[in-house]
$ cat final.tsv   # TSV, N, CA and C atoms
chain	number	residue	atom	x	y	z
A	36	GLN	N	13.15	-13.84	8.40
A	36	GLN	CA	12.70	-13.57	7.04
A	36	GLN	C	11.32	-12.93	7.09
A	37	VAL	N	11.16	-11.83	6.38
A	37	VAL	CA	9.90	-11.11	6.35
A	37	VAL	C	9.16	-11.46	5.08
A	38	GLN	N	7.90	-11.85	5.22
A	38	GLN	CA	7.06	-12.08	4.05
A	38	GLN	C	5.85	-11.16	4.12
A	39	LEU	N	5.55	-10.53	2.98
A	39	LEU	CA	4.41	-9.64	2.87
A	39	LEU	C	3.52	-10.13	1.74
A	40	VAL	N	2.24	-10.27	2.01
A	40	VAL	CA	1.31	-10.79	1.00
A	40	VAL	C	0.14	-9.82	0.86
A	41	GLU	N	0.03	-9.23	-0.34
A	41	GLU	CA	-1.06	-8.30	-0.61
A	41	GLU	C	-2.29	-9.03	-1.13
A	42	SER	N	-3.43	-8.43	-0.91
A	42	SER	CA	-4.69	-8.91	-1.45
A	42	SER	C	-5.66	-7.75	-1.54
A	43	GLY	N	-6.77	-7.98	-2.27
A	43	GLY	CA	-7.82	-6.98	-2.33
A	43	GLY	C	-7.89	-6.19	-3.63
A	44	GLY	N	-6.95	-6.41	-4.52
A	44	GLY	CA	-7.01	-5.72	-5.80
A	44	GLY	C	-8.13	-6.25	-6.68
A	45	GLY	N	-8.33	-5.59	-7.81
A	45	GLY	CA	-9.36	-6.04	-8.74
A	45	GLY	C	-9.76	-4.95	-9.70
A	46	LEU	N	-10.86	-5.19	-10.39
A	46	LEU	CA	-11.42	-4.25	-11.36
A	46	LEU	C	-12.57	-3.49	-10.70
A	47	VAL	N	-12.53	-2.17	-10.79
A	47	VAL	CA	-13.57	-1.35	-10.20
A	47	VAL	C	-13.88	-0.19	-11.14
A	48	GLN	N	-15.11	0.27	-11.11
A	48	GLN	CA	-15.50	1.40	-11.95
A	48	GLN	C	-15.03	2.71	-11.36
A	49	PRO	N	-14.83	3.71	-12.20
A	49	PRO	CA	-14.48	5.04	-11.66
A	49	PRO	C	-15.48	5.49	-10.60
A	50	GLY	N	-14.94	6.04	-9.52
A	50	GLY	CA	-15.78	6.44	-8.40
A	50	GLY	C	-15.96	5.37	-7.35
A	51	GLY	N	-15.53	4.17	-7.66
A	51	GLY	CA	-15.68	3.05	-6.74
A	51	GLY	C	-14.61	3.00	-5.67
A	52	SER	N	-14.68	1.95	-4.85
A	52	SER	CA	-13.75	1.80	-3.72
A	52	SER	C	-13.17	0.40	-3.70
A	53	LEU	N	-11.98	0.30	-3.15
A	53	LEU	CA	-11.34	-0.98	-2.87
A	53	LEU	C	-10.56	-0.83	-1.57
A	54	ARG	N	-10.40	-1.95	-0.88
A	54	ARG	CA	-9.51	-1.96	0.29
A	54	ARG	C	-8.44	-3.01	0.07
A	55	LEU	N	-7.20	-2.56	0.05
A	55	LEU	CA	-6.07	-3.47	-0.07
A	55	LEU	C	-5.60	-3.89	1.32
A	56	SER	N	-5.16	-5.14	1.41
A	56	SER	CA	-4.61	-5.66	2.65
A	56	SER	C	-3.22	-6.20	2.40
A	57	CYS	N	-2.38	-6.10	3.41
A	57	CYS	CA	-1.03	-6.64	3.34
A	57	CYS	C	-0.78	-7.40	4.64
A	58	SER	N	-0.71	-8.70	4.52
A	58	SER	CA	-0.49	-9.54	5.69
A	58	SER	C	0.99	-9.82	5.84
A	59	ALA	N	1.51	-9.54	7.03
A	59	ALA	CA	2.94	-9.71	7.29
A	59	ALA	C	3.19	-10.95	8.15
A	60	SER	N	4.34	-11.58	7.92
A	60	SER	CA	4.75	-12.70	8.76
A	60	SER	C	5.41	-12.12	10.00
A	61	GLY	N	4.79	-12.29	11.14
A	61	GLY	CA	5.34	-11.76	12.36
A	61	GLY	C	4.82	-10.37	12.68
A	62	ALA	N	5.24	-9.84	13.79
A	62	ALA	CA	4.73	-8.58	14.30
A	62	ALA	C	5.13	-7.40	13.42
A	63	ILE	N	4.14	-6.59	13.02
A	63	ILE	CA	4.47	-5.42	12.21
A	63	ILE	C	4.98	-4.28	13.08
A	64	SER	N	4.84	-4.40	14.37
A	64	SER	CA	5.33	-3.35	15.27
A	64	SER	C	6.85	-3.24	15.23
A	65	ARG	N	7.52	-4.26	14.70
A	65	ARG	CA	8.99	-4.22	14.62
A	65	ARG	C	9.48	-3.34	13.47
A	66	PHE	N	8.57	-2.97	12.55
A	66	PHE	CA	8.99	-2.19	11.39
A	66	PHE	C	9.07	-0.71	11.74
A	67	TYR	N	10.06	-0.05	11.22
A	67	TYR	CA	10.19	1.39	11.41
A	67	TYR	C	9.02	2.11	10.75
A	68	ASN	N	8.71	1.70	9.53
A	68	ASN	CA	7.48	2.16	8.89
A	68	ASN	C	7.04	1.15	7.84
A	69	MET	N	5.81	1.34	7.38
A	69	MET	CA	5.26	0.53	6.31
A	69	MET	C	4.61	1.45	5.30
A	70	GLY	N	4.41	0.93	4.09
A	70	GLY	CA	3.83	1.80	3.08
A	70	GLY	C	3.23	1.05	1.92
A	71	TRP	N	2.55	1.82	1.10
A	71	TRP	CA	2.01	1.33	-0.17
A	71	TRP	C	2.65	2.12	-1.31
A	72	TYR	N	3.07	1.39	-2.31
A	72	TYR	CA	3.64	1.96	-3.52
A	72	TYR	C	2.82	1.44	-4.70
A	73	ARG	N	2.95	2.11	-5.83
A	73	ARG	CA	2.28	1.62	-7.02
A	73	ARG	C	3.13	1.85	-8.25
A	74	GLN	N	2.90	0.98	-9.23
A	74	GLN	CA	3.64	1.06	-10.48
A	74	GLN	C	2.69	0.83	-11.64
A	75	ALA	N	2.52	1.87	-12.44
A	75	ALA	CA	1.70	1.77	-13.64
A	75	ALA	C	2.58	1.30	-14.79
A	76	PRO	N	1.98	0.75	-15.86
A	76	PRO	CA	2.78	0.27	-16.99
A	76	PRO	C	3.69	1.35	-17.54
A	77	GLY	N	4.96	1.01	-17.70
A	77	GLY	CA	5.92	1.95	-18.24
A	77	GLY	C	6.38	3.03	-17.29
A	78	GLN	N	5.94	2.94	-16.04
A	78	GLN	CA	6.30	3.96	-15.05
A	78	GLN	C	7.17	3.35	-13.95
A	79	THR	N	7.75	4.24	-13.16
A	79	THR	CA	8.53	3.77	-12.01
A	79	THR	C	7.60	3.43	-10.85
A	80	ARG	N	8.12	2.71	-9.88
A	80	ARG	CA	7.37	2.40	-8.68
A	80	ARG	C	7.46	3.61	-7.74
A	81	ASP	N	6.31	4.17	-7.40
A	81	ASP	CA	6.28	5.40	-6.61
A	81	ASP	C	5.49	5.21	-5.33
A	82	VAL	N	5.85	5.95	-4.31
A	82	VAL	CA	5.15	5.87	-3.04
A	82	VAL	C	3.74	6.44	-3.18
A	83	VAL	N	2.81	5.85	-2.47
A	83	VAL	CA	1.44	6.34	-2.40
A	83	VAL	C	1.14	6.86	-1.00
A	84	ALA	N	1.46	6.05	0.00
A	84	ALA	CA	1.19	6.41	1.39
A	84	ALA	C	2.12	5.62	2.30
A	85	THR	N	2.50	6.22	3.40
A	85	THR	CA	3.31	5.54	4.40
A	85	THR	C	2.75	5.79	5.79
A	86	ILE	N	3.10	4.90	6.70
A	86	ILE	CA	2.68	5.06	8.09
A	86	ILE	C	3.82	4.62	8.99
A	87	GLY	N	4.15	5.45	9.97
A	87	GLY	CA	5.22	5.14	10.88
A	87	GLY	C	4.76	4.26	12.02
A	88	SER	N	5.73	3.78	12.79
A	88	SER	CA	5.41	2.89	13.90
A	88	SER	C	4.54	3.59	14.94
A	89	GLY	N	4.61	4.93	14.98
A	89	GLY	CA	3.77	5.68	15.92
A	89	GLY	C	2.40	6.00	15.38
A	90	GLY	N	2.13	5.60	14.13
A	90	GLY	CA	0.81	5.80	13.55
A	90	GLY	C	0.68	7.03	12.66
A	91	ARG	N	1.78	7.78	12.51
A	91	ARG	CA	1.70	8.98	11.69
A	91	ARG	C	1.71	8.59	10.23
A	92	ALA	N	0.72	9.08	9.48
A	92	ALA	CA	0.55	8.73	8.07
A	92	ALA	C	0.90	9.91	7.17
A	93	SER	N	1.37	9.59	5.98
A	93	SER	CA	1.59	10.62	4.97
A	93	SER	C	1.13	10.09	3.62
A	94	TYR	N	0.71	11.01	2.75
A	94	TYR	CA	0.14	10.66	1.46
A	94	TYR	C	0.70	11.56	0.36
A	95	ILE	N	0.71	11.04	-0.85
A	95	ILE	CA	0.99	11.92	-1.97
A	95	ILE	C	-0.25	12.77	-2.22
A	96	ASP	N	-0.03	13.93	-2.84
A	96	ASP	CA	-1.12	14.88	-2.98
A	96	ASP	C	-2.31	14.32	-3.74
A	97	SER	N	-2.04	13.50	-4.75
A	97	SER	CA	-3.12	13.04	-5.62
A	97	SER	C	-4.09	12.07	-4.93
A	98	VAL	N	-3.73	11.54	-3.77
A	98	VAL	CA	-4.63	10.61	-3.08
A	98	VAL	C	-5.14	11.15	-1.75
A	99	LYS	N	-4.65	12.31	-1.35
A	99	LYS	CA	-5.11	12.89	-0.09
A	99	LYS	C	-6.62	13.10	-0.11
A	100	GLY	N	-7.27	12.69	0.96
A	100	GLY	CA	-8.72	12.81	1.04
A	100	GLY	C	-9.47	11.66	0.41
A	101	ARG	N	-8.76	10.80	-0.34
A	101	ARG	CA	-9.40	9.65	-0.97
A	101	ARG	C	-8.91	8.32	-0.41
A	102	PHE	N	-7.61	8.25	-0.08
A	102	PHE	CA	-7.01	7.02	0.42
A	102	PHE	C	-6.70	7.16	1.90
A	103	THR	N	-6.81	6.04	2.61
A	103	THR	CA	-6.45	6.01	4.03
A	103	THR	C	-5.60	4.77	4.30
A	104	ILE	N	-4.42	4.99	4.87
A	104	ILE	CA	-3.54	3.90	5.26
A	104	ILE	C	-3.71	3.64	6.74
A	105	SER	N	-3.72	2.37	7.12
A	105	SER	CA	-3.89	2.04	8.54
A	105	SER	C	-3.26	0.68	8.82
A	106	THR	N	-3.08	0.40	10.10
A	106	THR	CA	-2.51	-0.88	10.52
A	106	THR	C	-3.40	-1.54	11.56
A	107	ASP	N	-3.34	-2.85	11.60
A	107	ASP	CA	-3.98	-3.66	12.63
A	107	ASP	C	-2.86	-4.50	13.24
A	108	ASN	N	-2.29	-4.00	14.32
A	108	ASN	CA	-1.14	-4.69	14.91
A	108	ASN	C	-1.52	-6.08	15.44
A	109	ALA	N	-2.74	-6.23	15.90
A	109	ALA	CA	-3.15	-7.52	16.46
A	109	ALA	C	-3.14	-8.61	15.39
A	110	ASN	N	-3.42	-8.20	14.14
A	110	ASN	CA	-3.47	-9.17	13.04
A	110	ASN	C	-2.31	-9.01	12.05
A	111	ASN	N	-1.33	-8.18	12.43
A	111	ASN	CA	-0.13	-8.00	11.59
A	111	ASN	C	-0.49	-7.65	10.16
A	112	THR	N	-1.41	-6.70	10.01
A	112	THR	CA	-1.92	-6.36	8.68
A	112	THR	C	-1.88	-4.86	8.44
A	113	LEU	N	-1.49	-4.50	7.24
A	113	LEU	CA	-1.51	-3.12	6.75
A	113	LEU	C	-2.64	-3.01	5.75
A	114	TYR	N	-3.35	-1.88	5.80
A	114	TYR	CA	-4.47	-1.66	4.89
A	114	TYR	C	-4.29	-0.38	4.09
A	115	LEU	N	-4.96	-0.35	2.94
A	115	LEU	CA	-5.10	0.89	2.18
A	115	LEU	C	-6.55	0.95	1.69
A	116	GLN	N	-7.32	1.83	2.30
A	116	GLN	CA	-8.69	2.06	1.85
A	116	GLN	C	-8.65	3.10	0.75
A	117	MET	N	-9.19	2.74	-0.41
A	117	MET	CA	-9.14	3.62	-1.57
A	117	MET	C	-10.57	3.94	-2.01
A	118	ASN	N	-10.91	5.22	-1.96
A	118	ASN	CA	-12.24	5.68	-2.36
A	118	ASN	C	-12.12	6.62	-3.55
A	119	SER	N	-13.24	6.84	-4.21
A	119	SER	CA	-13.30	7.77	-5.35
A	119	SER	C	-12.20	7.47	-6.36
A	120	LEU	N	-12.07	6.23	-6.71
A	120	LEU	CA	-10.99	5.82	-7.60
A	120	LEU	C	-11.18	6.38	-9.01
A	121	THR	N	-10.08	6.68	-9.64
A	121	THR	CA	-10.07	7.19	-11.02
A	121	THR	C	-9.17	6.28	-11.86
A	122	PRO	N	-9.31	6.36	-13.18
A	122	PRO	CA	-8.44	5.54	-14.05
A	122	PRO	C	-6.95	5.78	-13.80
A	123	GLU	N	-6.60	6.98	-13.33
A	123	GLU	CA	-5.20	7.29	-13.05
A	123	GLU	C	-4.66	6.50	-11.86
A	124	ASP	N	-5.53	5.87	-11.09
A	124	ASP	CA	-5.09	5.04	-9.97
A	124	ASP	C	-4.76	3.62	-10.40
A	125	THR	N	-4.99	3.30	-11.66
A	125	THR	CA	-4.69	1.96	-12.18
A	125	THR	C	-3.20	1.68	-12.10
A	126	ALA	N	-2.85	0.58	-11.44
A	126	ALA	CA	-1.44	0.22	-11.25
A	126	ALA	C	-1.36	-1.10	-10.48
A	127	VAL	N	-0.16	-1.63	-10.41
A	127	VAL	CA	0.11	-2.70	-9.45
A	127	VAL	C	0.51	-2.03	-8.15
A	128	TYR	N	-0.14	-2.42	-7.07
A	128	TYR	CA	0.11	-1.85	-5.76
A	128	TYR	C	0.96	-2.82	-4.93
A	129	TYR	N	2.01	-2.27	-4.33
A	129	TYR	CA	2.95	-3.07	-3.54
A	129	TYR	C	2.96	-2.59	-2.10
A	130	CYS	N	3.02	-3.54	-1.21
A	130	CYS	CA	3.19	-3.26	0.21
A	130	CYS	C	4.69	-3.26	0.52
A	131	SER	N	5.11	-2.38	1.39
A	131	SER	CA	6.51	-2.37	1.80
A	131	SER	C	6.61	-2.28	3.32
A	132	ALA	N	7.73	-2.77	3.82
A	132	ALA	CA	8.04	-2.67	5.24
A	132	ALA	C	9.52	-2.32	5.36
A	133	TYR	N	9.82	-1.41	6.28
A	133	TYR	CA	11.20	-0.93	6.39
A	133	TYR	C	11.72	-1.15	7.80
A	134	ILE	N	12.86	-1.83	7.87
A	134	ILE	CA	13.67	-1.91	9.07
A	134	ILE	C	14.97	-1.23	8.70
A	135	PRO	N	15.49	-0.32	9.52
A	135	PRO	CA	16.70	0.41	9.11
A	135	PRO	C	17.72	-0.49	8.46
A	136	GLY	N	18.02	-0.13	7.22
A	136	GLY	CA	18.98	-0.90	6.45
A	136	GLY	C	18.38	-1.75	5.37
A	137	ARG	N	17.06	-1.97	5.44
A	137	ARG	CA	16.48	-2.86	4.44
A	137	ARG	C	14.98	-2.61	4.26
A	138	TYR	N	14.56	-2.67	2.99
A	138	TYR	CA	13.15	-2.67	2.63
A	138	TYR	C	12.73	-4.09	2.26
A	139	TYR	N	11.50	-4.43	2.62
A	139	TYR	CA	10.88	-5.68	2.20
A	139	TYR	C	9.66	-5.36	1.35
A	140	TRP	N	9.37	-6.23	0.38
A	140	TRP	CA	8.28	-5.98	-0.57
A	140	TRP	C	7.39	-7.20	-0.71
A	141	GLY	N	6.11	-6.91	-0.96
A	141	GLY	CA	5.19	-7.96	-1.33
A	141	GLY	C	5.26	-8.19	-2.84
A	142	GLN	N	4.41	-9.11	-3.31
A	142	GLN	CA	4.45	-9.47	-4.74
A	142	GLN	C	3.59	-8.55	-5.59
A	143	GLY	N	2.75	-7.75	-4.95
A	143	GLY	CA	1.92	-6.80	-5.68
A	143	GLY	C	0.52	-7.32	-5.96
A	144	THR	N	-0.41	-6.38	-6.07
A	144	THR	CA	-1.79	-6.71	-6.42
A	144	THR	C	-2.29	-5.69	-7.43
A	145	GLN	N	-2.93	-6.17	-8.48
A	145	GLN	CA	-3.35	-5.29	-9.57
A	145	GLN	C	-4.64	-4.57	-9.21
A	146	VAL	N	-4.64	-3.27	-9.44
A	146	VAL	CA	-5.85	-2.46	-9.32
A	146	VAL	C	-6.12	-1.83	-10.68
A	147	THR	N	-7.30	-2.09	-11.21
A	147	THR	CA	-7.70	-1.54	-12.50
A	147	THR	C	-8.99	-0.76	-12.33
A	148	VAL	N	-8.95	0.51	-12.71
A	148	VAL	CA	-10.13	1.37	-12.61
A	148	VAL	C	-10.58	1.68	-14.03
A	149	SER	N	-11.73	1.14	-14.38
A	149	SER	CA	-12.21	1.27	-15.75
A	149	SER	C	-13.70	1.05	-15.81
A	150	SER	N	-14.34	1.75	-16.74
A	150	SER	CA	-15.77	1.54	-16.95
A	150	SER	C	-16.01	0.50	-18.04
$ encode --input "final.tsv" --output "structure tokens"
Amino acid sequence: QVQLVESGGGLVQPGGSLRLSCSASGAISRFYNMGWYRQAPGQTRDVVATIGSGGRASYIDSVKGRFTISTDNANNTLYLQMNSLTPEDTAVYYCSAYIPGRYYWGQGTQVTVSS
């Protein structure tokens, strides 16, 4: 059974930074890839960034240059460093892990960007 627990969300002013963490039960090296998704009110859950087991990262255009996804295999943790935040980044952020055939999800952490 895979458990993912996000943390690090909160309220931040425009232009500020947050770092989200996702702690996994067991070795994250077993996952084909991991990622961060977000869901704003009334919107679908959409991908923000993903990282493969080999370390290759990809981002949606709107966060390129501002967000960085990374892993700490020793601590079984996925991170999302978010800089230069804007109100459009406000959403619930979810951690995901993929093993061929199945996605696993965390419970989500709220990020609110507001002055």
$ atom_distance --input "final.tsv" --atom1 "CA of Pro49 in chain A" --atom2 "CA of Thr125 in chain A"
10.3 Å
$ residues_near_point --input "final.tsv" --point "(-14.1, 3.3, 2.0)" --cutoff "9 Å" --atoms "only C-alpha atoms" --output "PyMOL selection string"
chain A and resi 51-54+101-103+116-119
$ atom_distance --input "final.tsv" --atom1 "atom N of Gly90 in chain A" --atom2 "atom N of Met69 in chain A"
8.8 Å
$ residues_around --input "final.tsv" --residues "Ala126 in chain A" --least-positions-apart "3" --cutoff "6.5 Å" --atoms "all atoms listed in the file" --output "list in words"
Arg73, Gln74, Ala75, Pro76, Glu123, Thr144, Gln145, Val146, Thr147 and Val148 of chain A
$ closest_residue --input "final.tsv" --among "A:Val127, A:Val82, A:Leu46, A:Cys57" --to "Thr106 in chain A" --atoms "only C-alpha atoms"
A:Cys57
$ closest_residue --input "final.tsv" --among "A:Ser56, A:Ser131, A:Asn68, A:Ser150" --to "Asp81 in chain A" --atoms "only C-alpha atoms"
A:Ser131
$ residues_near_point --input "final.tsv" --point "(13.1, -3.8, 10.3)" --cutoff "7 Å" --atoms "all atoms listed in the file" --output "list in words"
Arg65, Phe66, Tyr67, Ala132, Tyr133, Ile134, Pro135, Gly136 and Arg137 of chain A
$ residues_around --input "final.tsv" --residues "Leu39 in chain A" --least-positions-apart "3" --cutoff "7 Å" --atoms "only N, CA and C atoms" --output "ChimeraX atom specification"
/A:57-60,130,139-142
$ closest_residue --input "final.tsv" --among "A:Gly143, A:Gly44, A:Gly50, A:Gly100" --to "Tyr129 in chain A" --atoms "all atoms listed in the file"
A:Gly143
$ atom_distance --input "final.tsv" --atom1 "atom N of Tyr94 in chain A" --atom2 "atom N of Gln78 in chain A"
21.1 Å
$ select_by_dssp --input "final.tsv" --residues "chain A" --states "strand (DSSP E or B)" --output "ChimeraX atom specification"
/A:39-42,45-47,53-59,68-74,81-87,92-94,102-107,112-117,126-134,137-140,144-148
$ closest_residue --input "final.tsv" --among "A:Tyr72, A:Ile86, A:Leu120, A:Ala62" --to "Ser105 in chain A" --atoms "only N, CA and C atoms"
A:Ile86
